[in-house]
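Working notes for the structure below.
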2 protein chains.
Amino acid sequence: MAVDQLSRAFVALADPTRRDIVARLSVRDATVGELAESYAMSMQAVSKHLKVLEEAGLVSRSRDAQRRPCHLEPRMLDLMTTWIERYRQQAEERFRRLDAVLATMDDEPGDTPEHPDHPEQSDRPEQSGQS
Amino acid sequence: MAVDQLSRAFVALADPTRRDIVARLSVRDATVGELAESYAMSMQAVSKHLKVLEEAGLVSRSRDAQRRPCHLEPRMLDLMTTWIERYRQQAEERFRRLDAVLATMDDEPGDTPEHPDHPEQSDRPEQSGQS
DNA sequence: GTTGTTCTCAACCAAACGGTTGCGAAAGGG
DNA sequence: CCCTTTCGCAACCGTTTGGTTGAGAACAAC
């Protein structure tokens, strides 16, 4: 499976039930049993979902007797938006430059400049086969 | 599997190879073959990954003879950040109020007010069991 | 101590995922 | 008209996911 934290976070939010749990926890903390009442599945299944969210760093848990109240952790959500926004903004920047090139072609019908952008991001698995 | 667009998008970005493809496409458009050179897997596998990204609405493709150049679609990335930010901000808002309550408890050691917040989000699968 | 509540762990199962190989379609170039 | 390039589809296979049930740990209350 995916080992890095970001993959775990995206995997976690890929499930509708888990996204709904996040939505509920954003309103108030809740125990496993409270959350399980909301869904048509066993408490064990909800417990599994919470484990996925916890290992992704999206949820933390404290103790209160037998209860395990769950809290939403905004930090990981922040990391996800940071990742997404980086590439979204880069893509939109590219669109803006494309528009500029198209506007230029109207004036001077020459060759497109082909700016030498290098793929200098991190996060690359490169040639490493990740099964 | 998950049917809604948001689930598809999160599933798509849950894979490191697909996130890397997104990173590369944010720099420049690319064909399947070009992308496949970067990874230790067959072109068919990369083609599958691109299909996942395309069906998630994260990537679109045009035609150029036999080539199928891939373009990154910022729109779906925008939808993802919108979803995440909604709940991140709500969670942080809750933290801010908790801090306020703690500060109040220093002054007047009474009972915690328990503000009547209702879980009024959408996106709920509710009791519908989604396998 | 016994009972009840809350929750996790373990085993199981069908379905989906992520890779492979083989084949063929679509299009351009000799 | 072939031949090559580019790419998708289908079948297959091992692993993972998302649910189930059953057993039991941890703790409170009686």
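Just remember, in the structure tokens the first chain shown is A, the second B, etc., residues are 1-based per chain, and ligands are 1-based in the order shown.
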Sorted by chain and rising residue number, which residues of chain D lie within 10 Å of chain A, and what are their closest atom pairs and distances in Å to one decimal, counting only C-alpha atoms (C1' of nucleotides), as CSV?
residue,atom,partner,partner_atom,distance
D:DT15,C1',A:Met1,CA,8.7
D:DT16,C1',A:Met1,CA,7.2
D:DG18,C1',A:Ala45,CA,7.8
D:DG19,C1',A:Ala45,CA,6.8
D:DT20,C1',A:Ser42,CA,8.4
D:DA26,C1',A:Gln66,CA,6.6
D:DC27,C1',A:Gln66,CA,5.5
D:DA28,C1',A:Ala65,CA,7.8
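With CA of Tyr87 in chain A on one side and CA of Gly33 in chain B on the other, the separation reads 21.6 Å.
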Q. When distances are computed from only C-alpha atoms, which of B:Leu79, B:Leu35, B:Ala91, B:Leu58 shows the smallest separation from chain A?
A.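 Residue with the minimum atom-to-atom distance to chain A: B:Ala91.
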Taking only C-alpha atoms (C1' of nucleotides) into account, what are the residues of chain C at most 12 Å from chain A, put as a PDB file with N, CA and C atoms (P, O5', C5', C4', C3', O3' and C1' of nucleotides), in the first residue's frame?
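Once everything was written out, this is iface25.pdb:
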ATOM      1  P    DT C   5     -25.812  -2.203  28.725  1.00  0.00           P
ATOM      2  O5'  DT C   5     -24.547  -1.287  28.359  1.00  0.00           O
ATOM      3  C5'  DT C   5     -24.055  -0.387  29.328  1.00  0.00           C
ATOM      4  C4'  DT C   5     -22.778   0.268  28.840  1.00  0.00           C
ATOM      5  C3'  DT C   5     -22.733   0.535  27.339  1.00  0.00           C
ATOM      6  O3'  DT C   5     -22.240   1.843  27.132  1.00  0.00           O
ATOM      7  C1'  DT C   5     -20.839  -0.719  27.976  1.00  0.00           C
ATOM      8  P    DT C   6     -22.332   2.517  25.646  1.00  0.00           P
ATOM      9  O5'  DT C   6     -20.815   2.427  25.174  1.00  0.00           O
ATOM     10  C5'  DT C   6     -19.794   2.991  25.981  1.00  0.00           C
ATOM     11  C4'  DT C   6     -18.444   2.577  25.463  1.00  0.00           C
ATOM     12  C3'  DT C   6     -18.290   2.698  23.935  1.00  0.00           C
ATOM     13  O3'  DT C   6     -17.232   3.597  23.667  1.00  0.00           O
ATOM     14  C1'  DT C   6     -17.455   0.625  24.724  1.00  0.00           C
ATOM     15  P    DC C   7     -16.975   4.147  22.182  1.00  0.00           P
ATOM     16  O5'  DC C   7     -15.865   3.138  21.643  1.00  0.00           O
ATOM     17  C5'  DC C   7     -14.632   3.013  22.357  1.00  0.00           C
ATOM     18  C4'  DC C   7     -13.959   1.707  22.015  1.00  0.00           C
ATOM     19  C3'  DC C   7     -13.653   1.489  20.530  1.00  0.00           C
ATOM     20  O3'  DC C   7     -12.300   1.842  20.289  1.00  0.00           O
ATOM     21  C1'  DC C   7     -14.282  -0.519  21.684  1.00  0.00           C
ATOM     22  P    DT C   8     -11.661   1.703  18.848  1.00  0.00           P
ATOM     23  O5'  DT C   8     -10.806   0.356  18.937  1.00  0.00           O
ATOM     24  C5'  DT C   8      -9.967   0.122  20.066  1.00  0.00           C
ATOM     25  C4'  DT C   8      -9.421  -1.296  20.026  1.00  0.00           C
ATOM     26  C3'  DT C   8      -8.784  -1.701  18.692  1.00  0.00           C
ATOM     27  O3'  DT C   8      -7.536  -2.335  18.950  1.00  0.00           O
ATOM     28  C1'  DT C   8     -10.405  -3.295  19.330  1.00  0.00           C
ATOM     29  P    DC C   9      -6.517  -2.678  17.785  1.00  0.00           P
ATOM     30  O5'  DC C   9      -6.556  -4.270  17.688  1.00  0.00           O
ATOM     31  C5'  DC C   9      -6.461  -5.038  18.883  1.00  0.00           C
ATOM     32  C4'  DC C   9      -6.721  -6.507  18.598  1.00  0.00           C
ATOM     33  C3'  DC C   9      -6.138  -7.003  17.269  1.00  0.00           C
ATOM     34  O3'  DC C   9      -5.526  -8.265  17.480  1.00  0.00           O
ATOM     35  C1'  DC C   9      -8.450  -7.473  17.351  1.00  0.00           C
ATOM     36  P    DA C  10      -4.615  -8.903  16.358  1.00  0.00           P
ATOM     37  O5'  DA C  10      -5.503 -10.110  15.812  1.00  0.00           O
ATOM     38  C5'  DA C  10      -6.184 -10.954  16.737  1.00  0.00           C
ATOM     39  C4'  DA C  10      -6.974 -12.018  15.989  1.00  0.00           C
ATOM     40  C3'  DA C  10      -6.399 -12.388  14.618  1.00  0.00           C
ATOM     41  O3'  DA C  10      -6.522 -13.784  14.434  1.00  0.00           O
ATOM     42  C1'  DA C  10      -8.615 -11.623  14.370  1.00  0.00           C
ATOM     43  P    DC C  17     -11.266   0.197  -8.000  1.00  0.00           P
ATOM     44  O5'  DC C  17      -9.742  -0.137  -7.665  1.00  0.00           O
ATOM     45  C5'  DC C  17      -9.318  -0.122  -6.306  1.00  0.00           C
ATOM     46  C4'  DC C  17      -7.837  -0.431  -6.226  1.00  0.00           C
ATOM     47  C3'  DC C  17      -7.011   0.182  -7.353  1.00  0.00           C
ATOM     48  O3'  DC C  17      -5.810   0.687  -6.795  1.00  0.00           O
ATOM     49  C1'  DC C  17      -6.716  -2.174  -7.326  1.00  0.00           C
ATOM     50  P    DG C  18      -4.933   1.728  -7.641  1.00  0.00           P
ATOM     51  O5'  DG C  18      -3.658   0.900  -8.103  1.00  0.00           O
ATOM     52  C5'  DG C  18      -2.896   0.178  -7.157  1.00  0.00           C
ATOM     53  C4'  DG C  18      -1.895  -0.690  -7.883  1.00  0.00           C
ATOM     54  C3'  DG C  18      -1.344  -0.048  -9.178  1.00  0.00           C
ATOM     55  O3'  DG C  18       0.046  -0.297  -9.288  1.00  0.00           O
ATOM     56  C1'  DG C  18      -2.344  -2.119  -9.670  1.00  0.00           C
ATOM     57  P    DG C  19       0.887   0.526 -10.377  1.00  0.00           P
ATOM     58  O5'  DG C  19       1.167  -0.582 -11.514  1.00  0.00           O
ATOM     59  C5'  DG C  19       2.355  -1.309 -11.508  1.00  0.00           C
ATOM     60  C4'  DG C  19       2.138  -2.794 -11.778  1.00  0.00           C
ATOM     61  C3'  DG C  19       2.320  -3.243 -13.221  1.00  0.00           C
ATOM     62  O3'  DG C  19       3.692  -3.371 -13.539  1.00  0.00           O
ATOM     63  C1'  DG C  19       0.512  -4.394 -12.173  1.00  0.00           C
ATOM     64  P    DT C  20       4.123  -3.399 -15.108  1.00  0.00           P
ATOM     65  O5'  DT C  20       3.696  -4.858 -15.577  1.00  0.00           O
ATOM     66  C5'  DT C  20       4.285  -6.007 -14.963  1.00  0.00           C
ATOM     67  C4'  DT C  20       3.606  -7.272 -15.486  1.00  0.00           C
ATOM     68  C3'  DT C  20       3.674  -7.427 -16.998  1.00  0.00           C
ATOM     69  O3'  DT C  20       4.829  -8.190 -17.339  1.00  0.00           O
ATOM     70  C1'  DT C  20       1.454  -7.870 -16.183  1.00  0.00           C
TER      71       DT C  20
END
Q | Atom pair CA of Glu93 in chain B / CA of Leu13 in chain A: separation (Å) | A | 20.9 Å
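By only C-alpha atoms (C1' of nucleotides), and with residues fewer than 2 positions from Gln5 in chain B along its chain excluded, the set lying at most 9 Å from it is Ala2, Val3, Ser7, Arg8, Ala9, Phe10, Glu55, Ala56, Gly57 and Met76 of chain B.
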Q: Have a look at CA of Cys70 in chain B and CA of Glu34 in chain B and let me know their distance in Å, one decimal.
A: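 CA of Glu34 in chain B lies 10.3 Å from CA of Cys70 in chain B.
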